[in-house]
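Enquirer: Attaching a single structure in structure tokens format; questions to follow.
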Amino acid sequence: MATADATSARVRFVVEYLPGPVTLGERGLPERYRERISFGVQDFFKDWDVRGADVYFLLRVLHYFPDHCCVRTVWALVLALKRGARVVVCDRLMPEVAVAGYEPREAGYVWFLDGRVVSVCGGADSWLLQVQ
């Protein structure tokens, strides 16, 4: 909703995810956003329902899957893109535990949560050093 507040009133958003979170999102969406934000169920490994959008924003989608599943997801997305479309990936980059600015307790908590999710979903960590 903060992104909707920060953009022009003509910008529309479609939030796609699994059925449970989509239902919760629809129920909890304040009335003033209902003309600009809609929800849909999406299987990220199959054809994307929204085609021809200007921007596709992937928030914590790729982090939780193994590489071969991420390739399927991105390929399915490529088929939905129009010329000039943008893809924004907002994912977690894991810091080294000893990086300045992270208190040991905070870093341990991040590692604990990430390890649980990755082990359950079969994903892989993206290290900050990999993208620098």
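Please note that chains go A, B, ... in the order of the structure tokens, that every chain numbers its residues from 1, and that ligands are numbered from 1 in the order shown.
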Using only C-alpha atoms, which protein or nucleic acid residues come within 6 Å of stretch 70-86 of chain A? Drop anything in the same chain fewer than 5 positions from it, and give the result as an mmCIF file with N, CA and C atoms, in the first residue's frame.

Expert:
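Result went into part.cif, see below:
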```cif
data_model
loop_
_atom_site.group_PDB
_atom_site.id
_atom_site.type_symbol
_atom_site.label_atom_id
_atom_site.label_comp_id
_atom_site.auth_asym_id
_atom_site.auth_seq_id
_atom_site.Cartn_x
_atom_site.Cartn_y
_atom_site.Cartn_z
ATOM 1 N N PHE A 44 3.638 -19.798 -10.063
ATOM 2 C CA PHE A 44 4.791 -19.143 -10.674
ATOM 3 C C PHE A 44 5.541 -20.033 -11.658
ATOM 4 N N PHE A 45 5.211 -21.315 -11.707
ATOM 5 C CA PHE A 45 5.889 -22.226 -12.628
ATOM 6 C C PHE A 45 5.133 -22.391 -13.942
ATOM 7 N N LYS A 46 3.967 -21.773 -14.046
ATOM 8 C CA LYS A 46 3.146 -21.890 -15.258
ATOM 9 C C LYS A 46 2.985 -20.515 -15.889
ATOM 10 N N ASP A 47 2.239 -20.451 -16.982
ATOM 11 C CA ASP A 47 2.020 -19.171 -17.659
ATOM 12 C C ASP A 47 1.479 -18.134 -16.682
ATOM 13 N N ARG A 51 -0.349 -10.428 -18.459
ATOM 14 C CA ARG A 51 0.560 -10.308 -19.605
ATOM 15 C C ARG A 51 0.602 -8.853 -20.047
ATOM 16 N N GLY A 52 1.770 -8.432 -20.491
ATOM 17 C CA GLY A 52 1.897 -7.096 -21.051
ATOM 18 C C GLY A 52 1.963 -5.970 -20.038
ATOM 19 N N ASP A 54 3.786 -3.233 -17.524
ATOM 20 C CA ASP A 54 4.999 -2.423 -17.658
ATOM 21 C C ASP A 54 6.092 -2.909 -16.720
ATOM 22 N N VAL A 55 5.699 -3.340 -15.508
ATOM 23 C CA VAL A 55 6.667 -3.772 -14.501
ATOM 24 C C VAL A 55 6.148 -5.034 -13.810
ATOM 25 N N LEU A 62 12.062 -15.844 -5.710
ATOM 26 C CA LEU A 62 13.121 -16.736 -6.177
ATOM 27 C C LEU A 62 13.958 -17.325 -5.046
#
```

Enquirer: Residues near A:Val87, anyone? I mean within 8 Å using only C-alpha atoms, not counting same-chain ones fewer than 4 positions away, as a list of chain:residue names.

Expert: A:Val55, A:Tyr56, A:Phe57, A:Leu58

Enquirer: Just the helix (DSSP H, G or I) stuff from stretch 9-107 of chain A, please, per backbone DSSP, written as a ChimeraX atom specification.

Expert: /A:19-28,31-33,67-78,104-107

Enquirer: How far is it from atom CA of A:Asp43 to atom CA of A:Leu18, in Å with one decimal?

Expert: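 Calculated distance between atom CA of A:Asp43 and atom CA of A:Leu18 is 7.4 Å.
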
Enquirer: To one decimal in Å, tell me the separation between atom CA of A:Cys90 and atom CA of A:Val61.

Expert: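 We find that atom CA of A:Cys90 and atom CA of A:Val61 lie 8.3 Å from each other.
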
Enquirer: Rank A:Ala6, A:Val14, A:Ile37, A:Val89 by their smallest atom-to-atom distance to A:His63, using only C-alpha atoms, and report the top residue only.

Expert: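 Nearest to A:His63: A:Val89.
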
Enquirer: What is the distance between atom CA of A:Glu35 and atom CA of A:Pro21, in Å to one decimal?

Expert: 19.3 Å
